[in-house]
file query-v3.csv (CSV, C-alpha atoms and all ligand atoms)
chain,number,residue,atom,x,y,z
A,1,MET,CA,-4.5,19.2,28.6
A,2,MET,CA,-2.4,18.0,25.7
A,3,SER,CA,-2.8,19.5,22.3
A,4,ALA,CA,-1.7,18.7,18.7
A,5,VAL,CA,-1.8,20.9,15.6
A,6,ILE,CA,-2.2,19.5,12.1
A,7,ALA,CA,-1.5,21.3,8.8
A,8,LEU,CA,-3.9,19.5,6.4
A,9,GLY,CA,-2.6,20.0,2.9
A,10,GLY,CA,-5.4,21.3,0.6
A,11,SER,CA,-4.6,18.7,-2.0
A,12,LEU,CA,-5.9,16.1,0.4
A,13,LEU,CA,-9.5,17.2,-0.4
A,14,ARG,CA,-8.7,15.9,-3.9
A,15,PRO,CA,-11.8,16.8,-5.9
A,16,GLU,CA,-10.4,14.7,-8.8
A,17,ILE,CA,-10.4,11.5,-6.8
A,18,GLU,CA,-13.4,9.1,-6.5
A,19,GLU,CA,-12.6,8.1,-2.9
A,20,ARG,CA,-12.7,11.7,-1.6
A,21,HIS,CA,-15.8,11.0,0.4
A,22,LYS,CA,-14.2,8.0,2.1
A,23,TRP,CA,-11.2,10.2,3.0
A,24,LEU,CA,-13.6,12.8,4.6
A,25,GLU,CA,-15.2,10.0,6.6
A,26,ASP,CA,-11.9,8.6,7.6
A,27,ILE,CA,-10.4,11.9,8.7
A,28,SER,CA,-13.6,12.6,10.7
A,29,ARG,CA,-13.4,9.3,12.4
A,30,VAL,CA,-9.7,9.8,13.3
A,31,ILE,CA,-10.3,13.2,14.8
A,32,GLU,CA,-13.5,12.2,16.6
A,33,SER,CA,-11.9,9.3,18.3
A,34,ARG,CA,-8.8,11.2,19.5
A,35,SER,CA,-10.2,14.6,20.4
A,36,GLY,CA,-12.0,15.3,23.7
A,37,ARG,CA,-11.1,15.0,27.3
A,38,ASN,CA,-7.4,14.4,27.0
A,39,LEU,CA,-6.5,15.9,23.6
A,40,LYS,CA,-7.3,19.1,21.8
A,41,ILE,CA,-6.6,19.1,18.1
A,42,GLY,CA,-6.1,22.3,15.9
A,43,ILE,CA,-6.3,21.8,12.2
A,44,VAL,CA,-5.1,24.3,9.6
A,45,VAL,CA,-6.5,23.5,6.1
A,46,GLY,CA,-4.6,24.3,2.9
A,47,GLY,CA,-6.1,25.8,-0.3
A,48,GLY,CA,-5.6,22.9,-2.7
A,49,SER,CA,-7.4,23.1,-6.1
A,50,PRO,CA,-9.7,26.1,-5.4
A,51,ALA,CA,-6.6,28.2,-4.4
A,52,ARG,CA,-4.8,27.2,-7.6
A,53,GLU,CA,-7.9,27.8,-9.7
A,54,GLY,CA,-8.5,31.3,-8.2
A,55,ILE,CA,-4.8,32.3,-8.3
A,56,ASN,CA,-4.5,31.2,-12.0
A,57,LEU,CA,-7.7,33.0,-12.9
A,58,ILE,CA,-6.4,36.4,-11.8
A,59,LYS,CA,-2.7,36.0,-12.3
A,60,PRO,CA,-2.7,37.3,-15.9
A,61,ILE,CA,-4.4,40.5,-14.8
A,62,ILE,CA,-3.1,41.1,-11.3
A,63,GLU,CA,0.6,40.7,-10.6
A,64,ASP,CA,0.5,41.9,-7.0
A,65,LEU,CA,1.6,39.0,-4.8
A,66,GLU,CA,-0.5,40.1,-1.8
A,67,SER,CA,-3.7,40.1,-4.0
A,68,LEU,CA,-2.9,36.6,-5.1
A,69,ASP,CA,-2.2,35.5,-1.6
A,70,ARG,CA,-5.6,36.9,-0.4
A,71,VAL,CA,-7.3,34.8,-3.1
A,72,GLY,CA,-5.4,31.8,-1.8
A,73,ILE,CA,-6.4,32.6,1.8
A,74,ALA,CA,-10.1,32.7,0.8
A,75,ALA,CA,-9.7,29.2,-0.7
A,76,THR,CA,-8.1,27.9,2.6
A,77,ARG,CA,-11.0,29.2,4.6
A,78,PHE,CA,-13.5,27.7,2.0
A,79,ASN,CA,-11.8,24.3,2.5
A,80,ALA,CA,-11.7,24.8,6.3
A,81,THR,CA,-15.5,25.4,6.1
A,82,ILE,CA,-16.1,22.1,4.2
A,83,ILE,CA,-14.1,20.1,6.8
A,84,ARG,CA,-15.9,22.0,9.6
A,85,GLU,CA,-19.3,21.1,8.3
A,86,VAL,CA,-18.3,17.4,8.0
A,87,PHE,CA,-17.0,17.3,11.6
A,88,LEU,CA,-20.0,19.2,12.9
A,89,LYS,CA,-22.3,16.6,11.3
A,90,ARG,CA,-20.4,13.9,13.2
A,91,GLY,CA,-21.0,15.8,16.5
A,92,ILE,CA,-17.4,16.9,17.0
A,93,ASP,CA,-17.0,19.9,19.4
A,94,ILE,CA,-15.7,22.4,16.9
A,95,ASN,CA,-15.7,26.2,16.3
A,96,SER,CA,-18.6,27.8,14.4
A,97,THR,CA,-16.6,30.7,12.9
A,98,ILE,CA,-13.2,30.4,11.1
A,99,PRO,CA,-10.7,32.6,12.9
A,100,LYS,CA,-8.7,35.1,10.9
A,101,ASN,CA,-5.5,35.3,12.9
A,102,ILE,CA,-3.6,33.3,15.6
A,103,ASP,CA,-4.9,35.4,18.5
A,104,GLU,CA,-8.5,34.7,17.6
A,105,ALA,CA,-7.6,31.0,17.0
A,106,ILE,CA,-6.1,30.6,20.4
A,107,GLU,CA,-9.1,32.2,22.1
A,108,ILE,CA,-11.4,29.8,20.2
A,109,PHE,CA,-9.1,26.8,20.8
A,110,ASN,CA,-9.5,27.3,24.5
A,111,ARG,CA,-13.3,26.7,24.2
A,112,HIS,CA,-13.4,23.7,21.9
A,113,SER,CA,-11.9,20.2,21.6
A,114,VAL,CA,-11.2,20.8,17.9
A,115,LEU,CA,-10.2,24.1,16.2
A,116,ILE,CA,-10.4,24.4,12.4
A,117,MET,CA,-9.0,27.3,10.4
A,118,GLY,CA,-7.4,28.3,7.1
A,119,GLY,CA,-4.8,31.0,6.4
A,120,THR,CA,-4.2,34.2,8.2
A,121,ASN,CA,-2.2,36.9,6.3
A,122,PRO,CA,-0.4,37.2,3.0
A,123,GLY,CA,3.2,36.2,2.9
A,124,HIS,CA,3.3,32.5,3.8
A,125,THR,CA,1.2,29.2,3.5
A,126,THR,CA,-0.9,27.3,5.9
A,127,ASP,CA,2.1,25.2,7.0
A,128,ALA,CA,3.5,28.3,8.5
A,129,VAL,CA,0.2,29.1,10.2
A,130,ALA,CA,0.0,25.6,11.8
A,131,ILE,CA,3.6,25.9,13.0
A,132,ARG,CA,2.9,29.3,14.5
A,133,LEU,CA,-0.3,28.0,16.2
A,134,ALA,CA,1.6,25.0,17.6
A,135,ILE,CA,4.3,27.3,19.0
A,136,SER,CA,1.8,29.9,20.4
A,137,TYR,CA,-0.4,27.3,22.0
A,138,GLY,CA,2.4,25.2,23.3
A,139,ALA,CA,1.2,22.1,21.4
A,140,SER,CA,3.0,18.9,22.2
A,141,LYS,CA,2.8,17.7,18.5
A,142,CYS,CA,2.8,19.4,15.1
A,143,ILE,CA,1.9,17.3,12.1
A,144,ILE,CA,2.3,18.3,8.5
A,145,ALA,CA,-0.1,16.0,6.5
A,146,THR,CA,0.7,16.3,2.8
A,147,ASN,CA,0.5,14.2,-0.4
A,148,VAL,CA,4.0,12.7,-0.2
A,149,ASN,CA,4.9,10.0,2.4
A,150,LYS,CA,8.3,11.5,3.6
A,151,VAL,CA,10.6,14.4,3.1
A,152,PHE,CA,12.8,13.8,0.1
A,153,GLU,CA,16.2,15.2,-0.8
A,154,GLU,CA,14.6,16.3,-4.2
A,155,ASP,CA,11.1,16.4,-5.6
A,156,PRO,CA,10.3,12.6,-6.1
A,157,LYS,CA,8.0,13.5,-9.0
A,158,ILE,CA,11.1,14.9,-10.8
A,159,ASN,CA,13.6,12.4,-9.5
A,160,PRO,CA,12.0,9.1,-8.5
A,161,GLU,CA,15.4,7.9,-7.1
A,162,ALA,CA,15.6,10.8,-4.6
A,163,LYS,CA,16.7,9.9,-1.1
A,164,SER,CA,14.0,10.1,1.6
A,165,TYR,CA,14.4,10.6,5.3
A,166,ASN,CA,12.8,8.8,8.3
A,167,PHE,CA,14.6,11.2,10.8
A,168,MET,CA,16.3,14.5,10.2
A,169,THR,CA,17.0,17.8,11.9
A,170,LEU,CA,15.3,21.1,11.1
A,171,LYS,CA,18.7,22.4,9.9
A,172,GLU,CA,18.8,19.6,7.3
A,173,LEU,CA,15.2,20.4,6.3
A,174,LYS,CA,16.1,24.1,6.0
A,175,ARG,CA,18.9,23.1,3.6
A,176,ILE,CA,16.3,21.4,1.4
A,177,VAL,CA,13.5,24.0,1.4
A,178,GLY,CA,15.9,27.0,1.2
A,179,PRO,CA,15.6,30.5,2.7
A,180,ALA,CA,12.5,31.8,4.5
A,181,GLU,CA,11.0,33.7,1.6
A,182,HIS,CA,7.5,33.9,0.1
A,183,SER,CA,8.1,34.7,-3.6
A,184,LYS,CA,5.1,33.1,-5.3
A,185,ALA,CA,1.4,32.6,-4.5
A,186,GLY,CA,0.1,29.1,-4.6
A,187,TYR,CA,3.6,27.6,-4.9
A,188,SER,CA,4.2,24.6,-2.7
A,189,GLN,CA,7.3,23.0,-1.0
A,190,VAL,CA,7.1,19.9,1.3
A,191,VAL,CA,7.1,22.3,4.3
A,192,ASP,CA,6.9,26.2,4.0
A,193,PRO,CA,10.4,27.5,4.6
A,194,ILE,CA,9.0,30.4,6.6
A,195,GLY,CA,7.4,27.8,9.0
A,196,VAL,CA,10.7,25.8,9.0
A,197,ASP,CA,12.6,28.9,10.3
A,198,ASP,CA,9.9,29.5,12.9
A,199,ALA,CA,10.1,25.9,14.1
A,200,LEU,CA,13.9,26.1,14.2
A,201,SER,CA,13.9,29.3,16.3
A,202,ASN,CA,11.4,27.7,18.7
A,203,GLY,CA,12.8,24.1,18.8
A,204,LEU,CA,9.5,22.6,17.5
A,205,THR,CA,9.7,19.0,16.2
A,206,LEU,CA,7.7,18.5,13.0
A,207,ASN,CA,6.1,15.2,11.8
A,208,VAL,CA,5.6,15.0,8.0
A,209,LEU,CA,3.3,12.2,6.8
A,210,ASP,CA,1.1,11.1,3.9
A,211,GLY,CA,-2.3,12.5,4.8
A,212,ARG,CA,-3.9,10.7,1.9
A,213,ASP,CA,-4.1,7.8,4.4
A,214,ALA,CA,-6.0,9.3,7.3
A,215,SER,CA,-5.1,6.4,9.6
A,216,LEU,CA,-1.4,7.6,9.5
A,217,ILE,CA,-2.6,10.9,11.2
A,218,GLY,CA,-4.2,8.7,13.9
A,219,LYS,CA,-1.0,6.7,14.3
A,220,CYS,CA,1.1,9.9,14.7
A,221,LEU,CA,-1.4,11.3,17.3
A,222,ASP,CA,-1.2,8.0,19.2
A,223,GLY,CA,2.6,8.1,19.2
A,224,GLU,CA,2.9,5.1,16.9
A,225,ASP,CA,5.0,4.6,13.8
A,226,PHE,CA,3.4,6.7,11.0
A,227,ARG,CA,5.8,5.9,8.2
A,228,GLY,CA,6.8,9.5,7.6
A,229,THR,CA,9.6,11.8,8.6
A,230,VAL,CA,10.3,13.1,12.1
A,231,ILE,CA,12.2,16.4,11.9
A,232,GLN,CA,13.8,17.0,15.3
A,233,GLY,CA,13.4,20.5,16.8
B,301,LIG,P1,-1.7,26.7,1.1
B,301,LIG,O1,-1.4,26.7,2.5
B,301,LIG,O2,-2.7,25.7,0.5
B,301,LIG,O3,-0.3,26.7,0.3
B,301,LIG,O4,-2.2,28.2,0.7
B,301,LIG,P2,0.4,25.6,-0.7
B,301,LIG,O5,1.6,25.2,0.0
B,301,LIG,O6,0.5,26.4,-2.0
B,301,LIG,O7,-0.6,24.4,-1.0
B,301,LIG,P3,-0.8,23.0,-0.3
B,301,LIG,O8,-1.0,23.2,1.2
B,301,LIG,O9,0.4,22.2,-0.7
B,301,LIG,O10,-2.1,22.5,-0.9
B,301,LIG,C1,-2.5,28.5,-0.7
B,301,LIG,C2,-2.0,29.9,-1.0
B,301,LIG,O11,-2.7,30.9,-0.2
B,301,LIG,C3,-1.9,31.9,0.2
B,301,LIG,C4,-0.5,31.6,-0.4
B,301,LIG,O12,-0.5,32.3,-1.7
B,301,LIG,C5,-0.5,30.1,-0.6
B,301,LIG,O13,0.4,29.7,-1.6
B,301,LIG,N1,-1.8,32.0,1.8
B,301,LIG,C6,-2.2,30.9,2.5
B,301,LIG,C7,-1.4,33.1,2.4
B,301,LIG,O14,-0.9,34.1,1.8
B,301,LIG,N2,-1.4,33.2,3.8
B,301,LIG,C8,-1.8,32.1,4.5
B,301,LIG,O15,-1.8,32.2,5.8
B,301,LIG,C9,-2.2,31.0,3.9

call {"tool": "encode", "arguments": {"input": "query-v3.csv", "output": "structure tokens", "more": "lines below"}}
Ligand code: UTP
result
Amino acid sequence: MMSAVIALGGSLLRPEIEERHKWLEDISRVIESRSGRNLKIGIVVGGGSPAREGINLIKPIIEDLESLDRVGIAATRFNATIIREVFLKRGIDINSTIPKNIDEAIEIFNRHSVLIMGGTNPGHTTDAVAIRLAISYGASKCIIATNVNKVFEEDPKINPEAKSYNFMTLKELKRIVGPAEHSKAGYSQVVDPIGVDDALSNGLTLNVLDGRDASLIGKCLDGEDFRGTVIQG
């Protein structure tokens, strides 16, 4: 059976936005209609605002990066639980417990049409977890759903004129995101450089798209134009 893995950026749960309920409905519909007999879908949810909130709360009193990462991981699992409950309500065949590592995730993924999880260990973000899951499971597609529509040469919030890519190689993406290091908790790049290195060593193609529009995730799963960036593995 074919399988796809999606890194769902935590910012997409957007607690500050009115239409967040519509987004949850939209993403459920997209996943419900594509998962099942022919396609398994693994989803790794990011920490978003609860991760930032928790990390900022303890940062002034705890400097240890691993401690901060553990708070971030708890937030990713919290967000994964929210999505899980929404999918469950819709009748999607999904796991009942959130796996804590890739081995557990694979074992669960074998038994359900949809797998949902958050982070695993300190030292990287959920993008890296999604990329590792895609490689380990032999997924045919890996999607990074984030809150920008493409990969840009520089942060478009800082330079609105920054060049964007429709296609690029993983080597080009590596030049943009820099070395595979995890130096700050809760700090976000378009794709986690640790995941980019893993994708590069395993020849995994990445698809970056704007997950704020859930229909683009559906388009990418369907093999249609998703108006994002294809990063060739
Ligand atoms: P995210 O995956 O949400 O990272 O994990 P991010 O890139 O900062 O945020 P988004 O995806 O753009 O919203 C939040 C934080 O949790 C820790 C890291 O500190 C990360 O920055 N984390 C997460 C881990 O240490 N390990 C994991 O497997 C996942």

call {"tool": "atom_distance", "arguments": {"input": "query-v3.csv", "atom1": "atom CA of Ile106 of chain A", "atom2": "atom CA of Glu25 of chain A"}}
result
26.4 Å

call {"tool": "atom_distance", "arguments": {"input": "query-v3.csv", "atom1": "atom O2 of ligand LIG 301 (chain B)", "atom2": "atom CA of Arg14 of chain A"}}
result
12.3 Å

call {"tool": "closest_residue", "arguments": {"input": "query-v3.csv", "among": "A:Glu224, A:Asp64, A:Asp213, A:Glu85", "to": "ligand LIG 301 (chain B)", "atoms": "all atoms listed in the file"}}
result
A:Asp64

call {"tool": "residues_around", "arguments": {"input": "query-v3.csv", "residues": "Thr169 of chain A", "least_positions_apart": "3", "cutoff": "9 Å", "atoms": "all atoms listed in the file", "output": "PyMOL selection string"}}
result
chain A and resi 172-174+205+230-233

call {"tool": "atom_distance", "arguments": {"input": "query-v3.csv", "atom1": "atom CA of Lys141 of chain A", "atom2": "atom C1 of ligand LIG 301 (chain B)"}}
result
22.7 Å

call {"tool": "residues_around", "arguments": {"input": "query-v3.csv", "residues": "segment 43-57 of chain A", "least_positions_apart": "2", "cutoff": "9 Å", "atoms": "all atoms listed in the file", "output": "count of residues only"}}
result
45

call {"tool": "residues_around", "arguments": {"input": "query-v3.csv", "residues": "Arg132 of chain A", "least_positions_apart": "3", "cutoff": "8 Å", "atoms": "all atoms listed in the file", "output": "count of residues only"}}
result
8

call {"tool": "closest_residue", "arguments": {"input": "query-v3.csv", "among": "A:Ile143, A:His21, A:Glu16, A:Ala134", "to": "Ala105 of chain A", "atoms": "all atoms listed in the file"}}
result
A:Ala134

call {"tool": "closest_residue", "arguments": {"input": "query-v3.csv", "among": "A:Glu181, A:Glu107, A:Asp26, A:Glu66", "to": "ligand LIG 301 (chain B)", "atoms": "only C-alpha atoms and all ligand atoms"}}
result
A:Glu66

call {"tool": "closest_residue", "arguments": {"input": "query-v3.csv", "among": "A:Asp197, A:Asp103, A:Asp210, A:Glu32", "to": "Ile144 of chain A", "atoms": "all atoms listed in the file"}}
result
A:Asp210

call {"tool": "build_atoms", "arguments": {"input": "query-v3.csv", "residues": "segment 129-155 of chain A", "atoms": "N, CA, C and O atoms", "output": "CSV table (one decimal), keeping the file's coordinate frame"}}
result
chain,number,residue,atom,x,y,z
A,129,VAL,N,1.2,28.8,9.3
A,129,VAL,CA,0.2,29.1,10.2
A,129,VAL,C,0.1,28.0,11.3
A,129,VAL,O,0.0,28.3,12.5
A,130,ALA,N,0.1,26.7,10.8
A,130,ALA,CA,0.0,25.6,11.8
A,130,ALA,C,1.2,25.6,12.7
A,130,ALA,O,1.1,25.4,13.9
A,131,ILE,N,2.4,25.9,12.2
A,131,ILE,CA,3.6,25.9,13.0
A,131,ILE,C,3.5,27.0,14.1
A,131,ILE,O,3.8,26.8,15.2
A,132,ARG,N,3.1,28.2,13.6
A,132,ARG,CA,2.9,29.3,14.5
A,132,ARG,C,1.9,29.0,15.6
A,132,ARG,O,2.0,29.3,16.8
A,133,LEU,N,0.7,28.4,15.2
A,133,LEU,CA,-0.3,28.0,16.2
A,133,LEU,C,0.3,27.0,17.2
A,133,LEU,O,0.0,27.1,18.4
A,134,ALA,N,1.0,26.0,16.7
A,134,ALA,CA,1.6,25.0,17.6
A,134,ALA,C,2.5,25.7,18.6
A,134,ALA,O,2.5,25.4,19.8
A,135,ILE,N,3.3,26.6,18.2
A,135,ILE,CA,4.3,27.3,19.0
A,135,ILE,C,3.5,28.2,20.0
A,135,ILE,O,3.7,28.1,21.2
A,136,SER,N,2.6,29.0,19.5
A,136,SER,CA,1.8,29.9,20.4
A,136,SER,C,1.0,29.2,21.4
A,136,SER,O,0.8,29.7,22.6
A,137,TYR,N,0.4,28.0,21.1
A,137,TYR,CA,-0.4,27.3,22.0
A,137,TYR,C,0.3,26.3,22.9
A,137,TYR,O,-0.2,25.8,23.8
A,138,GLY,N,1.6,26.1,22.6
A,138,GLY,CA,2.4,25.2,23.3
A,138,GLY,C,2.0,23.8,23.0
A,138,GLY,O,2.0,22.9,23.9
A,139,ALA,N,1.6,23.5,21.8
A,139,ALA,CA,1.2,22.1,21.4
A,139,ALA,C,2.3,21.1,21.6
A,139,ALA,O,3.5,21.4,21.4
A,140,SER,N,1.9,19.9,22.0
A,140,SER,CA,3.0,18.9,22.2
A,140,SER,C,3.3,18.2,20.9
A,140,SER,O,4.3,17.5,20.8
A,141,LYS,N,2.5,18.4,19.8
A,141,LYS,CA,2.8,17.7,18.5
A,141,LYS,C,2.4,18.6,17.4
A,141,LYS,O,1.3,19.3,17.5
A,142,CYS,N,3.2,18.7,16.3
A,142,CYS,CA,2.8,19.4,15.1
A,142,CYS,C,3.0,18.5,13.9
A,142,CYS,O,4.1,17.9,13.7
A,143,ILE,N,1.9,18.2,13.2
A,143,ILE,CA,1.9,17.3,12.1
A,143,ILE,C,1.7,18.1,10.8
A,143,ILE,O,0.8,18.9,10.7
A,144,ILE,N,2.5,17.7,9.8
A,144,ILE,CA,2.3,18.3,8.5
A,144,ILE,C,1.8,17.1,7.6
A,144,ILE,O,2.6,16.3,7.2
A,145,ALA,N,0.5,17.1,7.3
A,145,ALA,CA,-0.1,16.0,6.5
A,145,ALA,C,-0.2,16.5,5.1
A,145,ALA,O,-0.8,17.5,4.8
A,146,THR,N,0.6,15.8,4.2
A,146,THR,CA,0.7,16.3,2.8
A,146,THR,C,0.5,15.1,1.9
A,146,THR,O,-0.1,14.1,2.3
A,147,ASN,N,0.8,15.3,0.6
A,147,ASN,CA,0.5,14.2,-0.4
A,147,ASN,C,1.8,13.5,-0.8
A,147,ASN,O,1.8,12.9,-1.9
A,148,VAL,N,2.8,13.6,0.0
A,148,VAL,CA,4.0,12.7,-0.2
A,148,VAL,C,4.2,12.0,1.2
A,148,VAL,O,3.8,12.5,2.2
A,149,ASN,N,4.9,10.8,1.1
A,149,ASN,CA,4.9,10.0,2.4
A,149,ASN,C,6.1,10.4,3.3
A,149,ASN,O,6.1,10.1,4.5
A,150,LYS,N,7.1,11.1,2.8
A,150,LYS,CA,8.3,11.5,3.6
A,150,LYS,C,8.9,12.8,3.0
A,150,LYS,O,8.5,13.2,1.9
A,151,VAL,N,9.8,13.3,3.7
A,151,VAL,CA,10.6,14.4,3.1
A,151,VAL,C,11.7,13.8,2.2
A,151,VAL,O,12.3,12.8,2.6
A,152,PHE,N,11.8,14.3,1.0
A,152,PHE,CA,12.8,13.8,0.1
A,152,PHE,C,13.9,14.8,-0.2
A,152,PHE,O,13.6,16.0,0.0
A,153,GLU,N,15.0,14.4,-0.5
A,153,GLU,CA,16.2,15.2,-0.8
A,153,GLU,C,15.8,16.1,-2.0
A,153,GLU,O,16.1,17.3,-2.1
A,154,GLU,N,15.1,15.6,-3.0
A,154,GLU,CA,14.6,16.3,-4.2
A,154,GLU,C,13.2,15.9,-4.4
A,154,GLU,O,12.8,14.9,-3.9
A,155,ASP,N,12.5,16.7,-5.3
A,155,ASP,CA,11.1,16.4,-5.6
A,155,ASP,C,11.0,15.0,-6.2
A,155,ASP,O,11.5,14.8,-7.3
